[in-house]
file data.csv (CSV, C-alpha atoms)
chain,number,residue,atom,x,y,z
A,1,THR,CA,-30.7,2.4,-27.0
A,2,VAL,CA,-28.2,0.3,-29.1
A,3,LEU,CA,-25.3,2.0,-27.4
A,4,ARG,CA,-26.7,1.4,-24.0
A,5,GLU,CA,-27.3,-2.3,-24.8
A,6,ARG,CA,-23.7,-2.6,-26.0
A,7,LEU,CA,-22.4,-0.8,-22.9
A,8,ASP,CA,-24.5,-3.1,-20.6
A,9,ASP,CA,-23.1,-6.1,-22.5
A,10,LEU,CA,-19.5,-4.9,-22.0
A,11,VAL,CA,-20.1,-4.2,-18.3
A,12,ARG,CA,-21.5,-7.7,-17.8
A,13,ARG,CA,-18.6,-9.4,-19.8
A,14,GLY,CA,-16.0,-7.3,-17.9
A,15,ARG,CA,-17.7,-8.0,-14.6
A,16,LEU,CA,-17.5,-4.3,-13.7
A,17,THR,CA,-20.6,-4.5,-11.6
A,18,GLY,CA,-22.4,-7.1,-9.5
A,19,THR,CA,-25.9,-6.1,-10.7
A,20,ALA,CA,-27.4,-4.8,-13.8
A,21,PRO,CA,-27.9,-1.0,-13.8
A,22,ALA,CA,-31.3,-0.1,-12.4
A,23,GLY,CA,-32.2,2.5,-15.0
A,24,PRO,CA,-31.0,4.6,-17.9
A,25,GLY,CA,-29.0,6.9,-15.5
A,26,ALA,CA,-27.5,4.2,-13.4
A,27,ALA,CA,-23.8,4.5,-13.0
A,28,VAL,CA,-21.1,1.8,-13.2
A,29,LEU,CA,-19.0,1.8,-10.1
A,30,THR,CA,-15.6,0.1,-10.0
A,31,ALA,CA,-15.0,-2.6,-7.4
A,32,ARG,CA,-13.1,-0.2,-5.2
A,33,GLU,CA,-15.8,2.4,-5.5
A,34,ARG,CA,-18.3,-0.2,-4.4
A,35,ASP,CA,-16.1,-1.0,-1.4
A,36,VAL,CA,-16.0,2.7,-0.5
A,37,LEU,CA,-19.7,3.1,-1.0
A,38,ARG,CA,-20.4,0.2,1.4
A,39,LEU,CA,-18.4,1.9,4.1
A,40,LEU,CA,-19.9,5.3,3.2
A,41,ALA,CA,-23.3,3.7,3.8
A,42,LEU,CA,-22.2,2.7,7.2
A,43,GLY,CA,-21.5,6.4,7.9
A,44,HIS,CA,-17.7,6.2,7.9
A,45,SER,CA,-15.5,9.3,7.4
A,46,ASN,CA,-12.8,9.4,4.7
A,47,ARG,CA,-10.2,8.7,7.3
A,48,ARG,CA,-12.1,5.6,8.6
A,49,ILE,CA,-12.7,4.4,5.0
A,50,GLY,CA,-9.0,4.8,4.3
A,51,GLU,CA,-8.1,2.8,7.4
A,52,GLU,CA,-10.5,0.0,6.5
A,53,LEU,CA,-9.3,-0.3,2.9
A,54,PHE,CA,-5.6,0.5,3.6
A,55,ILE,CA,-5.6,3.6,1.5
A,56,SER,CA,-5.0,7.3,2.4
A,57,ALA,CA,-7.9,9.5,3.5
A,58,LYS,CA,-7.2,11.6,0.3
A,59,THR,CA,-7.5,8.5,-1.9
A,60,ALA,CA,-10.8,7.7,-0.1
A,61,SER,CA,-11.9,11.3,-0.7
A,62,VAL,CA,-11.2,10.9,-4.5
A,63,HIS,CA,-13.3,7.7,-4.5
A,64,VAL,CA,-16.1,9.4,-2.7
A,65,SER,CA,-16.0,12.3,-5.2
A,66,ASN,CA,-16.1,9.9,-8.1
A,67,ILE,CA,-19.1,8.1,-6.5
A,68,LEU,CA,-20.9,11.4,-6.0
A,69,ALA,CA,-20.4,12.3,-9.7
A,70,LYS,CA,-21.4,8.9,-11.0
A,71,LEU,CA,-24.5,8.8,-8.9
A,72,ASP,CA,-25.3,12.5,-9.6
A,73,ALA,CA,-25.5,13.1,-5.9
A,74,ALA,CA,-24.8,16.4,-4.1
A,75,SER,CA,-23.9,14.8,-0.8
A,76,ARG,CA,-22.7,11.6,0.8
A,77,THR,CA,-26.2,11.0,2.3
A,78,GLU,CA,-27.8,11.5,-1.1
A,79,ALA,CA,-25.3,9.1,-2.7
A,80,VAL,CA,-26.1,6.4,-0.2
A,81,ALA,CA,-29.9,7.0,-0.8
A,82,VAL,CA,-29.4,6.7,-4.5
A,83,ALA,CA,-27.3,3.6,-4.1
A,84,HIS,CA,-30.0,2.0,-2.0
A,85,ARG,CA,-32.6,2.8,-4.6
A,86,GLN,CA,-30.5,1.4,-7.4
A,87,GLY,CA,-29.6,-1.8,-5.4
A,88,LEU,CA,-25.9,-0.9,-5.3
A,89,VAL,CA,-25.7,-1.4,-1.5
A,90,ALA,CA,-27.8,-3.7,0.7
A,91,PRO,CA,-29.2,-2.5,4.0
A,92,GLU,CA,-27.0,-3.5,6.9
A,93,HIS,CA,-28.7,-5.8,9.4
A,94,SER,CA,-27.6,-5.4,13.0
A,95,SER,CA,-26.9,-8.6,14.9
A,96,SER,CA,-28.4,-8.6,18.4
call {"tool": "encode", "arguments": {"input": "data.csv", "output": "structure tokens"}}
result
Amino acid sequence: TVLRERLDDLVRRGRLTGTAPAGPGAAVLTARERDVLRLLALGHSNRRIGEELFISAKTASVHVSNILAKLDAASRTEAVAVAHRQGLVAPEHSSS
């Protein structure tokens, strides 16, 4: 518990995440991983994520793999579901 509190304090001071972790297993994503996660939630492929963020598709793939590991998800869909539950991504509202 003490270690978790110290880690949470360090995360807040370092501004490593926009929100406090949702639970004991909540992962800390980097700013770039949060950008990739946002695009992943929109259903973009690695190639499209790369184009949006001006990185290669391979680099996008590495970020996606890191996100899957940090969120303990087996697939892109599961990662997005976990991220929604943890409040890491907000639902997109369509403008009509």
call {"tool": "atom_distance", "arguments": {"input": "data.csv", "atom1": "atom CA of A:Leu53", "atom2": "atom CA of A:Val36"}}
result
8.1 Å
call {"tool": "atom_distance", "arguments": {"input": "data.csv", "atom1": "atom CA of A:Leu37", "atom2": "atom CA of A:Leu3"}}
result
27.0 Å
call {"tool": "closest_residue", "arguments": {"input": "data.csv", "among": "A:Lys70, A:Ala60, A:Val2, A:Ala41", "to": "A:Val28", "atoms": "only C-alpha atoms"}}
result
A:Lys70
call {"tool": "residues_around", "arguments": {"input": "data.csv", "residues": "A:Ile67", "least_positions_apart": "3", "cutoff": "10 Å", "atoms": "all atoms listed in the file", "output": "ChimeraX atom specification"}}
result
/A:27-30,33-34,36-37,61-64,70-73,76,79-80,83
call {"tool": "write_last_selection", "arguments": {"input": "data.csv", "atoms": "C-alpha atoms", "output": "JSON list (two decimals), keeping the file's coordinate frame"}}
result
[["chain", "number", "residue", "atom", "x", "y", "z"],
["A", 27, "ALA", "CA", -23.80, 4.50, -13.00],
["A", 28, "VAL", "CA", -21.10, 1.80, -13.20],
["A", 29, "LEU", "CA", -19.00, 1.80, -10.10],
["A", 30, "THR", "CA", -15.60, 0.10, -10.00],
["A", 33, "GLU", "CA", -15.80, 2.40, -5.50],
["A", 34, "ARG", "CA", -18.30, -0.20, -4.40],
["A", 36, "VAL", "CA", -16.00, 2.70, -0.50],
["A", 37, "LEU", "CA", -19.70, 3.10, -1.00],
["A", 61, "SER", "CA", -11.90, 11.30, -0.70],
["A", 62, "VAL", "CA", -11.20, 10.90, -4.50],
["A", 63, "HIS", "CA", -13.30, 7.70, -4.50],
["A", 64, "VAL", "CA", -16.10, 9.40, -2.70],
["A", 70, "LYS", "CA", -21.40, 8.90, -11.00],
["A", 71, "LEU", "CA", -24.50, 8.80, -8.90],
["A", 72, "ASP", "CA", -25.30, 12.50, -9.60],
["A", 73, "ALA", "CA", -25.50, 13.10, -5.90],
["A", 76, "ARG", "CA", -22.70, 11.60, 0.80],
["A", 79, "ALA", "CA", -25.30, 9.10, -2.70],
["A", 80, "VAL", "CA", -26.10, 6.40, -0.20],
["A", 83, "ALA", "CA", -27.30, 3.60, -4.10]]
call {"tool": "atom_distance", "arguments": {"input": "data.csv", "atom1": "atom CA of A:Glu51", "atom2": "atom CA of A:His84"}}
result
23.8 Å
call {"tool": "closest_residue", "arguments": {"input": "data.csv", "among": "A:Thr1, A:Asn66, A:Glu52, A:Ala57", "to": "A:Arg38", "atoms": "only C-alpha atoms"}}
result
A:Glu52
